[in-house]
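This report refers to the structure that appears directly beneath it.
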Amino acid sequence: MRLFLRILYTTLFISNINFGISQEIDFHTPIDAPFDLSGTFGEFRSRFHTGIDFKSRGVQGQKIFSIEDGYVSRIEVNNYGYGKVIYIDHLNGFTSVYAHLKNFSPELDEYIKSELYKAKKNSIKKFPKKNQLRISKGEVIGYSGNTGRSFGPHLHFEIRDTKSQDAINPLMFNYTYKDDERPIIRGLYLINEDNSLIRSLPIRKKVRKVNDSTYTVDDFEYNGKVGIGLDIYDIQYKNLYNQNGVYKVELFIDSILKYSYKMDKIKFSENHYKKIMYDYISLVESNKKVLKIYSPRNSNLSFLKNNKFNGIINSDSFKNNSLHVRVSDWNGNSSSIKFKIKANDSISSRQSYNGIEILTDQKYTLNKNSSIIEIDKNTFYNDLLMNVSYQSGILNLGKEKDPFRSSIKIKLPHKISDTLELRQSFVGKIINGKISYINSKKSNSYIYASISSLGEYVISKDSLKPEIKPINFKSNSNIKLKNTLRLRLKDDLSGIKKYSSYFNGNWALFEYEPKSNMIFHNLSDGIIKNGENELIIKYEDGVGNKGVYQTKVYY
C-alpha cells in the first residue's frame, strides 16, 4: 500500500512553547498507516493521555518514521509503561516520542542489544550522548507493536517541548485527517460539590437527542453547589468504532460563555489530577467516564487557569438560568446539550454522616484492633470521612470512593513463626472475592504495605513457584529453522519478579511479554552455537518462590 503521507506546510505560532516565536513546521508523518486514531490528546487514561494513538491496521510491524532530523536522546526496553520506546530531540526545540514498538530499526536494535548484553538485563533505559545516534527526517526508526502497557497494536506518538518536557497536542501541527462525526453525549450528571467530606454517586439525567447536533434533558431544580458532568465520546467516521476524547469544552450560562478549556498542552507534573477531573466514584462503581465541566476542588491544572469562574453552579447565585454545554473535536465538529435550572431552597442539601474525619493538611496514625494505618499530609485531594474496621483478619477502609494523591501505609498484625510461611505471606487486596497481590515487607509483628486505594485488605500467602514450559520447541529438539525460542512463564498470584537465562553458561536476552505470560529469545542474537546447547532459566516470583528450567536444544 502506498505510503500514507500527511505533511504540514504552515506557519504556526505556539505561545509559551519553544520560546514563543513563529516557526515554519514541516513534520513527516510518524507512521505508514492511515490517520485513524484510537486515542486523542488529554483523554481519559490512568492519567491524562499525553499523545495520540495511531491504529496500525490491526497488526504489528508497520513502519515508524522520524518526523524531523534530530538525534536519539532516550531509548528504552521495558515490559511495562511505554514498552519499547524512542525519544528524538529536534533542532527546532521539540522532542518526538514513539512508544509500544515491536522492534527498533537495525541500527538502533544493534545499539540497544549491545547495551542489554553489557548490563545482562532484560530491560534498560539509556540516554545516548548528543548526536551519538543521529536520525534523519523520514528515516525508519522502528516498527509498530504492542509492547508495555498496551492493549492492542498501535503507535503512541507524542510531541514535547524539549526544554520543559510539557506534552503538546500533536494535532496543533496541523496533521490533517478525516473526521466528519460529531461528539456523542450519552449522559448528563449532577455532581454534589456542597460537602467534600461526602462523596455519593452523581444524579444522572436522561438525555434526549433533539437533532443531529443538539441534546437536552428535562429542566431541574437544585439546591447548594453542583457541578455538571458529561459522559461523552467522539468518533472520526462511521465504522471506526474507537471512542475517543473531545478537544474543547464550553459552558454557557444565559448564552454567555462562562467556562471553557482546550486540550492543547499538559504538564506532566499535573497529570495525576486526572483522578479528579473525571468523577472518581462513577468510574469505580459504574465504570462511567464522567468528565467534569468545572474545575475540581484543589486541582492545579494549567489548561483551566484562563477561567475566572470555576464552573460550579451555586443556588445562591444562579436562581433561574439557561445552561448550554458545547463539546467539540479537533476538526470543529460539535454537539451541544441545553437545559434550564432553577434554585429551590426547600430541597434539603444536608446529609447525615459518620466516620473518622481526615483533613488533607494533617497527618494521622489510626489504630484498629492492633492494625495500624499511617496517613501523611496531602494524601488525599479533599477532606473525607473514613470508616475503618479490622475484624477476622480483614482491614476494611471503606468503599473506594475517594482517590489518593499519594499512598498510605497499612500494617496488619501476624503471629507467623515459620520463616518460610512468613516469606510467602503478603498484604493482598480483596477485589470481587479474589486476592490481588501487593508488594509487602515484614517485621516480627506486622506485615505492611503501601496502598493507593480504599477497600478491604488481608494477609494472604503464595506458596507456589511460577510455571514455565516451552511453546514452540521441545527438549532435545533441533531449532535450526526457528527464528525465536518462546516459553510460557506464568505466576497467578504474586507475579514474576525476575528471571535470567543462559545458553551454555552465557547470559542470553529473553524479552518478556506479561500480557501473554511469554518470554522469548531471538536466535539472531548469535548466542547459541552449532550443535548441542544447554538452556537454563532461573526465575522468581514476588514473594521469593524460585525455580530453574533446564533443557538442551540443538542448532
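Letters A, B, ... mark the chains of the C-alpha cells in the order given; residue numbers begin at 1 per chain; ligand numbers begin at 1, in order shown.
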
Given only C-alpha atoms, how would the per-residue table for stretch 231-253 of chain A near stretch 315-324 of chain A read, listing every residue at most 10 Å away with its closest atom pair and distance in Å to one decimal, sorted by chain and number, as a tab-separated table?
residue	atom	partner	partner_atom	distance
A:Glu250	CA	A:His324	CA	8.2
A:Leu251	CA	A:His324	CA	5.9
A:Phe252	CA	A:His324	CA	5.0
A:Ile253	CA	A:Leu323	CA	4.8

Just the residues within 8 Å of stretch 149-163 of chain A, please, counting only C-alpha atoms, with nothing from its chain fewer than 2 positions along; format it as an mmCIF file with N, CA and C atoms, in the first residue's frame.
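Okay, around_34.cif is ready:
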data_model
loop_
_atom_site.group_PDB
_atom_site.id
_atom_site.type_symbol
_atom_site.label_atom_id
_atom_site.label_comp_id
_atom_site.auth_asym_id
_atom_site.auth_seq_id
_atom_site.Cartn_x
_atom_site.Cartn_y
_atom_site.Cartn_z
ATOM 1 N N ILE A 17 5.606 28.041 24.007
ATOM 2 C CA ILE A 17 6.200 26.781 23.583
ATOM 3 C C ILE A 17 7.357 27.132 22.656
ATOM 4 N N ASN A 18 8.531 26.592 22.966
ATOM 5 C CA ASN A 18 9.707 26.840 22.135
ATOM 6 C C ASN A 18 9.946 28.335 21.928
ATOM 7 N N PRO A 30 4.366 10.149 11.260
ATOM 8 C CA PRO A 30 5.142 9.210 12.082
ATOM 9 C C PRO A 30 4.908 7.737 11.746
ATOM 10 N N ILE A 31 3.891 7.413 10.942
ATOM 11 C CA ILE A 31 3.565 6.006 10.727
ATOM 12 C C ILE A 31 3.106 5.772 9.291
ATOM 13 N N THR A 50 -1.093 11.775 27.030
ATOM 14 C CA THR A 50 -0.173 12.840 26.636
ATOM 15 C C THR A 50 0.254 12.751 25.174
ATOM 16 N N GLY A 51 -0.462 11.990 24.388
ATOM 17 C CA GLY A 51 -0.161 11.905 22.965
ATOM 18 C C GLY A 51 -1.403 11.517 22.191
ATOM 19 N N ILE A 52 -1.191 11.035 20.979
ATOM 20 C CA ILE A 52 -2.284 10.454 20.201
ATOM 21 C C ILE A 52 -1.879 9.038 19.814
ATOM 22 N N ASP A 53 -2.875 8.183 19.671
ATOM 23 C CA ASP A 53 -2.639 6.787 19.310
ATOM 24 C C ASP A 53 -3.066 6.546 17.877
ATOM 25 N N PHE A 54 -2.148 6.048 17.073
ATOM 26 C CA PHE A 54 -2.443 5.686 15.695
ATOM 27 C C PHE A 54 -2.781 4.202 15.615
ATOM 28 N N LYS A 55 -3.917 3.882 15.024
ATOM 29 C CA LYS A 55 -4.193 2.487 14.708
ATOM 30 C C LYS A 55 -3.189 2.020 13.654
ATOM 31 N N SER A 56 -2.844 0.739 13.696
ATOM 32 C CA SER A 56 -1.825 0.229 12.761
ATOM 33 C C SER A 56 -2.388 -0.912 11.926
ATOM 34 N N GLY A 58 -4.531 -2.943 12.627
ATOM 35 C CA GLY A 58 -4.814 -4.151 13.411
ATOM 36 C C GLY A 58 -3.659 -5.123 13.496
ATOM 37 N N VAL A 59 -2.489 -4.744 13.004
ATOM 38 C CA VAL A 59 -1.336 -5.651 13.006
ATOM 39 C C VAL A 59 -0.119 -4.918 13.557
ATOM 40 N N GLN A 60 0.900 -5.687 13.902
ATOM 41 C CA GLN A 60 2.177 -5.130 14.294
ATOM 42 C C GLN A 60 3.091 -5.058 13.073
ATOM 43 N N ASN A 79 8.952 -3.998 29.991
ATOM 44 C CA ASN A 79 7.733 -4.791 29.821
ATOM 45 C C ASN A 79 6.533 -4.102 30.459
ATOM 46 N N TYR A 80 6.674 -2.812 30.782
ATOM 47 C CA TYR A 80 5.574 -2.026 31.347
ATOM 48 C C TYR A 80 5.608 -0.656 30.676
ATOM 49 N N GLY A 81 4.690 0.231 31.050
ATOM 50 C CA GLY A 81 4.701 1.592 30.541
ATOM 51 C C GLY A 81 4.695 1.657 29.027
ATOM 52 N N TYR A 82 5.696 2.347 28.467
ATOM 53 C CA TYR A 82 5.779 2.553 27.021
ATOM 54 C C TYR A 82 6.431 1.391 26.289
ATOM 55 N N GLY A 83 6.851 0.344 26.990
ATOM 56 C CA GLY A 83 7.467 -0.801 26.339
ATOM 57 C C GLY A 83 8.753 -0.396 25.641
ATOM 58 N N ASP A 89 15.248 14.171 19.977
ATOM 59 C CA ASP A 89 15.304 15.628 20.117
ATOM 60 C C ASP A 89 15.583 16.254 18.754
ATOM 61 N N GLY A 93 13.463 22.604 18.771
ATOM 62 C CA GLY A 93 13.007 22.744 20.156
ATOM 63 C C GLY A 93 11.942 21.769 20.577
ATOM 64 N N PHE A 94 11.636 20.790 19.731
ATOM 65 C CA PHE A 94 10.637 19.788 20.065
ATOM 66 C C PHE A 94 11.282 18.412 20.204
ATOM 67 N N THR A 95 10.640 17.564 20.971
ATOM 68 C CA THR A 95 11.033 16.163 21.123
ATOM 69 C C THR A 95 9.860 15.296 20.687
ATOM 70 N N SER A 96 10.119 14.305 19.857
ATOM 71 C CA SER A 96 9.065 13.374 19.450
ATOM 72 C C SER A 96 9.282 12.033 20.140
ATOM 73 N N VAL A 97 8.173 11.348 20.459
ATOM 74 C CA VAL A 97 8.204 10.101 21.222
ATOM 75 C C VAL A 97 7.393 9.052 20.474
ATOM 76 N N TYR A 98 7.956 7.835 20.373
ATOM 77 C CA TYR A 98 7.328 6.744 19.617
ATOM 78 C C TYR A 98 7.314 5.506 20.529
ATOM 79 N N ALA A 99 6.132 5.094 20.986
ATOM 80 C CA ALA A 99 6.049 4.087 22.046
ATOM 81 C C ALA A 99 5.330 2.819 21.609
ATOM 82 N N HIS A 100 5.537 1.759 22.398
ATOM 83 C CA HIS A 100 4.934 0.428 22.225
ATOM 84 C C HIS A 100 5.444 -0.270 20.955
ATOM 85 N N LEU A 101 6.675 0.031 20.563
ATOM 86 C CA LEU A 101 7.212 -0.536 19.332
ATOM 87 C C LEU A 101 7.451 -2.042 19.465
ATOM 88 N N SER A 144 5.770 -0.664 14.445
ATOM 89 C CA SER A 144 4.693 -0.589 15.434
ATOM 90 C C SER A 144 4.490 -1.927 16.120
ATOM 91 N N GLY A 145 4.063 -1.868 17.379
ATOM 92 C CA GLY A 145 3.901 -3.100 18.144
ATOM 93 C C GLY A 145 2.847 -2.995 19.222
ATOM 94 N N ASN A 146 3.050 -3.784 20.270
ATOM 95 C CA ASN A 146 2.076 -3.891 21.355
ATOM 96 C C ASN A 146 2.804 -4.096 22.681
ATOM 97 N N THR A 147 4.027 -3.559 22.805
ATOM 98 C CA THR A 147 4.825 -3.796 23.998
ATOM 99 C C THR A 147 4.431 -2.841 25.122
ATOM 100 N N GLN A 165 9.628 19.792 28.683
ATOM 101 C CA GLN A 165 9.072 18.441 28.594
ATOM 102 C C GLN A 165 7.550 18.423 28.739
ATOM 103 N N ASP A 166 6.909 19.588 28.569
ATOM 104 C CA ASP A 166 5.443 19.613 28.520
ATOM 105 C C ASP A 166 4.977 18.886 27.262
ATOM 106 N N ALA A 167 3.894 18.123 27.402
ATOM 107 C CA ALA A 167 3.324 17.428 26.246
ATOM 108 C C ALA A 167 2.431 18.384 25.471
ATOM 109 N N ILE A 168 2.588 18.391 24.153
ATOM 110 C CA ILE A 168 1.838 19.275 23.260
ATOM 111 C C ILE A 168 0.944 18.422 22.377
ATOM 112 N N ASN A 169 -0.271 18.853 22.171
ATOM 113 C CA ASN A 169 -1.177 18.118 21.295
ATOM 114 C C ASN A 169 -0.575 18.059 19.884
ATOM 115 N N PRO A 170 -0.232 16.847 19.391
ATOM 116 C CA PRO A 170 0.368 16.758 18.056
ATOM 117 C C PRO A 170 -0.503 17.346 16.952
#

Q: Determine, counting only C-alpha atoms, which protein, DNA and RNA residues have an atom within 10 Å of an atom of A:Pro296; residues of the same chain fewer than 6 positions away are not included. Present the result as an MDAnalysis selection string.
A: chainID A and resid 193 227 273:279 304 310:312 381:382

Can you spit out the residues from that selection as a JSON list (two decimals), in the first residue's frame, using N, CA and C atoms?
[["chain", "number", "residue", "atom", "x", "y", "z"],
["A", 193, "GLU", "N", -21.23, 19.16, 45.03],
["A", 193, "GLU", "CA", -20.00, 19.80, 45.47],
["A", 193, "GLU", "C", -20.21, 20.61, 46.74],
["A", 227, "GLY", "N", -21.94, 20.49, 40.30],
["A", 227, "GLY", "CA", -21.15, 20.58, 39.08],
["A", 227, "GLY", "C", -21.80, 19.73, 38.01],
["A", 273, "TYR", "N", -3.88, 14.79, 38.29],
["A", 273, "TYR", "CA", -5.18, 15.40, 38.55],
["A", 273, "TYR", "C", -6.30, 14.79, 37.70],
["A", 274, "LYS", "N", -5.92, 13.94, 36.76],
["A", 274, "LYS", "CA", -6.96, 13.20, 36.01],
["A", 274, "LYS", "C", -7.91, 12.51, 36.97],
["A", 275, "LYS", "N", -7.39, 12.06, 38.12],
["A", 275, "LYS", "CA", -8.21, 11.32, 39.09],
["A", 275, "LYS", "C", -9.40, 12.14, 39.58],
["A", 276, "ILE", "N", -9.28, 13.46, 39.53],
["A", 276, "ILE", "CA", -10.41, 14.28, 40.00],
["A", 276, "ILE", "C", -11.03, 15.09, 38.88],
["A", 277, "MET", "N", -10.45, 15.07, 37.68],
["A", 277, "MET", "CA", -11.08, 15.73, 36.54],
["A", 277, "MET", "C", -12.26, 14.90, 36.04],
["A", 278, "TYR", "N", -12.17, 13.60, 36.25],
["A", 278, "TYR", "CA", -13.29, 12.69, 35.99],
["A", 278, "TYR", "C", -13.87, 12.28, 37.34],
["A", 279, "ASP", "N", -15.18, 12.09, 37.40],
["A", 279, "ASP", "CA", -15.81, 11.72, 38.66],
["A", 279, "ASP", "C", -15.36, 10.32, 39.07],
["A", 304, "LEU", "N", -6.87, 25.02, 32.73],
["A", 304, "LEU", "CA", -8.10, 25.59, 33.28],
["A", 304, "LEU", "C", -7.91, 27.01, 33.82],
["A", 310, "ASN", "N", -15.21, 29.15, 38.24],
["A", 310, "ASN", "CA", -14.77, 27.75, 38.36],
["A", 310, "ASN", "C", -15.75, 26.74, 37.79],
["A", 311, "GLY", "N", -16.91, 27.20, 37.31],
["A", 311, "GLY", "CA", -17.86, 26.30, 36.67],
["A", 311, "GLY", "C", -18.85, 25.65, 37.60],
["A", 312, "ILE", "N", -18.67, 25.77, 38.92],
["A", 312, "ILE", "CA", -19.60, 25.16, 39.88],
["A", 312, "ILE", "C", -20.84, 26.05, 40.02],
["A", 381, "TYR", "N", -6.94, 14.35, 47.89],
["A", 381, "TYR", "CA", -7.18, 15.64, 47.23],
["A", 381, "TYR", "C", -8.11, 16.52, 48.07],
["A", 382, "ASN", "N", -9.05, 15.89, 48.78],
["A", 382, "ASN", "CA", -10.04, 16.62, 49.56],
["A", 382, "ASN", "C", -10.21, 15.96, 50.93]]

Nearby residues (only C-alpha atoms) at most 8 Å from stretch 195-210 of chain A, same-chain spacing under 6 positions excluded, as a PDB file with N, CA and C atoms, in the first residue's frame:
ATOM      1  N   ILE A 185     -23.084  12.630  23.141  1.00  0.00           N
ATOM      2  CA  ILE A 185     -23.355  12.865  24.569  1.00  0.00           C
ATOM      3  C   ILE A 185     -24.286  11.760  25.054  1.00  0.00           C
ATOM      4  N   ARG A 186     -23.764  10.926  25.962  1.00  0.00           N
ATOM      5  CA  ARG A 186     -24.552   9.789  26.446  1.00  0.00           C
ATOM      6  C   ARG A 186     -25.291  10.070  27.736  1.00  0.00           C
ATOM      7  N   GLY A 187     -24.772  10.984  28.535  1.00  0.00           N
ATOM      8  CA  GLY A 187     -25.417  11.227  29.818  1.00  0.00           C
ATOM      9  C   GLY A 187     -24.973  12.535  30.430  1.00  0.00           C
ATOM     10  N   LEU A 188     -25.876  13.160  31.182  1.00  0.00           N
ATOM     11  CA  LEU A 188     -25.566  14.356  31.960  1.00  0.00           C
ATOM     12  C   LEU A 188     -25.746  14.012  33.438  1.00  0.00           C
ATOM     13  N   TYR A 189     -24.803  14.471  34.266  1.00  0.00           N
ATOM     14  CA  TYR A 189     -24.797  14.125  35.685  1.00  0.00           C
ATOM     15  C   TYR A 189     -24.706  15.384  36.533  1.00  0.00           C
ATOM     16  N   THR A 216     -30.811  17.408  24.953  1.00  0.00           N
ATOM     17  CA  THR A 216     -31.421  18.136  26.059  1.00  0.00           C
ATOM     18  C   THR A 216     -31.753  17.169  27.182  1.00  0.00           C
ATOM     19  N   VAL A 217     -32.032  17.725  28.355  1.00  0.00           N
ATOM     20  CA  VAL A 217     -32.573  16.971  29.490  1.00  0.00           C
ATOM     21  C   VAL A 217     -33.723  17.800  30.049  1.00  0.00           C
ATOM     22  N   ASP A 218     -34.561  17.169  30.841  1.00  0.00           N
ATOM     23  CA  ASP A 218     -35.651  17.910  31.490  1.00  0.00           C
ATOM     24  C   ASP A 218     -35.066  19.000  32.383  1.00  0.00           C
ATOM     25  N   ILE A 281     -15.979   8.299  41.721  1.00  0.00           N
ATOM     26  CA  ILE A 281     -16.927   7.292  42.196  1.00  0.00           C
ATOM     27  C   ILE A 281     -17.750   6.715  41.048  1.00  0.00           C
ATOM     28  N   SER A 282     -18.030   7.513  40.018  1.00  0.00           N
ATOM     29  CA  SER A 282     -18.738   6.987  38.843  1.00  0.00           C
ATOM     30  C   SER A 282     -17.886   5.944  38.128  1.00  0.00           C
ATOM     31  N   TYR A 353     -23.831  11.786  58.372  1.00  0.00           N
ATOM     32  CA  TYR A 353     -22.634  11.004  58.086  1.00  0.00           C
ATOM     33  C   TYR A 353     -21.963  10.616  59.385  1.00  0.00           C
ATOM     34  N   GLU A 357     -12.960  11.822  60.477  1.00  0.00           N
ATOM     35  CA  GLU A 357     -12.729  12.937  59.567  1.00  0.00           C
ATOM     36  C   GLU A 357     -11.234  13.066  59.292  1.00  0.00           C
ATOM     37  N   ASN A 382      -9.053  15.892  48.778  1.00  0.00           N
ATOM     38  CA  ASN A 382     -10.041  16.622  49.561  1.00  0.00           C
ATOM     39  C   ASN A 382     -10.208  15.959  50.925  1.00  0.00           C
ATOM     40  N   ASP A 383     -10.754  16.713  51.868  1.00  0.00           N
ATOM     41  CA  ASP A 383     -11.115  16.121  53.153  1.00  0.00           C
ATOM     42  C   ASP A 383     -12.124  15.002  52.930  1.00  0.00           C
ATOM     43  N   LEU A 384     -12.100  13.988  53.794  1.00  0.00           N
ATOM     44  CA  LEU A 384     -13.024  12.878  53.632  1.00  0.00           C
ATOM     45  C   LEU A 384     -13.303  12.220  54.969  1.00  0.00           C
ATOM     46  N   LEU A 385     -14.298  11.356  54.951  1.00  0.00           N
ATOM     47  CA  LEU A 385     -14.623  10.530  56.107  1.00  0.00           C
ATOM     48  C   LEU A 385     -14.182   9.100  55.832  1.00  0.00           C
ATOM     49  N   LYS A 401     -14.206   5.336  47.142  1.00  0.00           N
ATOM     50  CA  LYS A 401     -14.925   6.462  46.560  1.00  0.00           C
ATOM     51  C   LYS A 401     -14.120   7.754  46.559  1.00  0.00           C
ATOM     52  N   ASP A 402     -12.928   7.714  47.168  1.00  0.00           N
ATOM     53  CA  ASP A 402     -12.078   8.899  47.234  1.00  0.00           C
ATOM     54  C   ASP A 402     -10.712   8.570  46.662  1.00  0.00           C
TER      55      ASP A 402
END

**Q.** Filtered DSSP result for stretch 64-166 of chain A, state helix (DSSP H, G or I), as a PyMOL selection string
**A.** chain A and resi 106-119

Q: Apply DSSP to the structure's backbone, then extract all residues of stretch 253-489 of chain A labelled strand (DSSP E) and return them as a ChimeraX atom specification.
A: /A:253,256-262,265-266,290-292,313-314,320-328,334-343,356-358,364-368,371-375,384-386,389-391,394-396,408-413,425-431,434-438,441-442,446-451,456-461,467-470,484-489

Which polymer residues have any atom within 12 Å of an atom of A:Lys305, counting only C-alpha atoms, with same-chain residues fewer than 5 positions away left out, as a PDB file with C-alpha atoms, in the first residue's frame?
ATOM      1  CA  TYR A 259     -16.148  28.466  31.425  1.00  0.00           C
ATOM      2  CA  SER A 260     -14.042  26.659  28.820  1.00  0.00           C
ATOM      3  CA  TYR A 261     -10.858  24.765  28.105  1.00  0.00           C
ATOM      4  CA  LYS A 262      -8.974  23.143  25.240  1.00  0.00           C
ATOM      5  CA  TYR A 294     -15.875  22.636  36.089  1.00  0.00           C
ATOM      6  CA  SER A 295     -12.578  22.976  37.951  1.00  0.00           C
ATOM      7  CA  PRO A 296     -12.261  20.264  40.604  1.00  0.00           C
ATOM      8  CA  SER A 299      -6.734  20.957  41.422  1.00  0.00           C
ATOM      9  CA  ASN A 300      -3.949  22.886  39.731  1.00  0.00           C
ATOM     10  CA  ASN A 310     -14.770  27.752  38.360  1.00  0.00           C
ATOM     11  CA  GLY A 311     -17.856  26.302  36.671  1.00  0.00           C
TER      12      GLY A 311
END

Q: Considering only C-alpha atoms, return as a ChimeraX atom specification whatever protein or nucleic-acid residues lie within 8 Å of A:Asn242, sequence-local ones (same chain, fewer than 5 positions apart) excluded.
A: /A:37-39,235

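When atom CA of A:Lys552 is paired with atom CA of A:Lys474, their separation reads 9.0 Å.
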
Q | Nearby residues (only C-alpha atoms) at most 6 Å from stretch 513-520 of chain A, same-chain spacing under 2 positions excluded, as a PyMOL selection string | A | chain A and resi 485-490+510-511

Q: Measuring atom to atom with only C-alpha atoms, identify which of A:Ser406, A:Asn483, A:Ser286, A:Ser336 is nearest to A:Ile232.
A: A:Ser336

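Among A:Ile537, A:Gly398, A:Val543, A:Lys258, the residue with the shortest atom-to-atom distance to A:Leu464, counting only C-alpha atoms, is A:Val543.
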
Q: Select, from A:Lys248, A:Lys434, A:Lys126, A:Lys342, the residue with the minimum atom-to-atom distance to A:Gly224, counting only C-alpha atoms.
A: A:Lys342

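Shortest atom-to-atom contact with A:Ile459 among A:Glu421, A:Asp525, A:Asp179, A:Asp491: A:Glu421, counting only C-alpha atoms.
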
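Closest approach to A:Asn103 among A:Asn331, A:Thr29, A:Asn367, A:Gln62 is made by A:Gln62 (distances from only C-alpha atoms).
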
**Q.** Nearest candidate to A:Tyr177 (options A:Ala33, A:Ala119, A:Val388, A:Ile112; using only C-alpha atoms)
**A.** A:Ala33
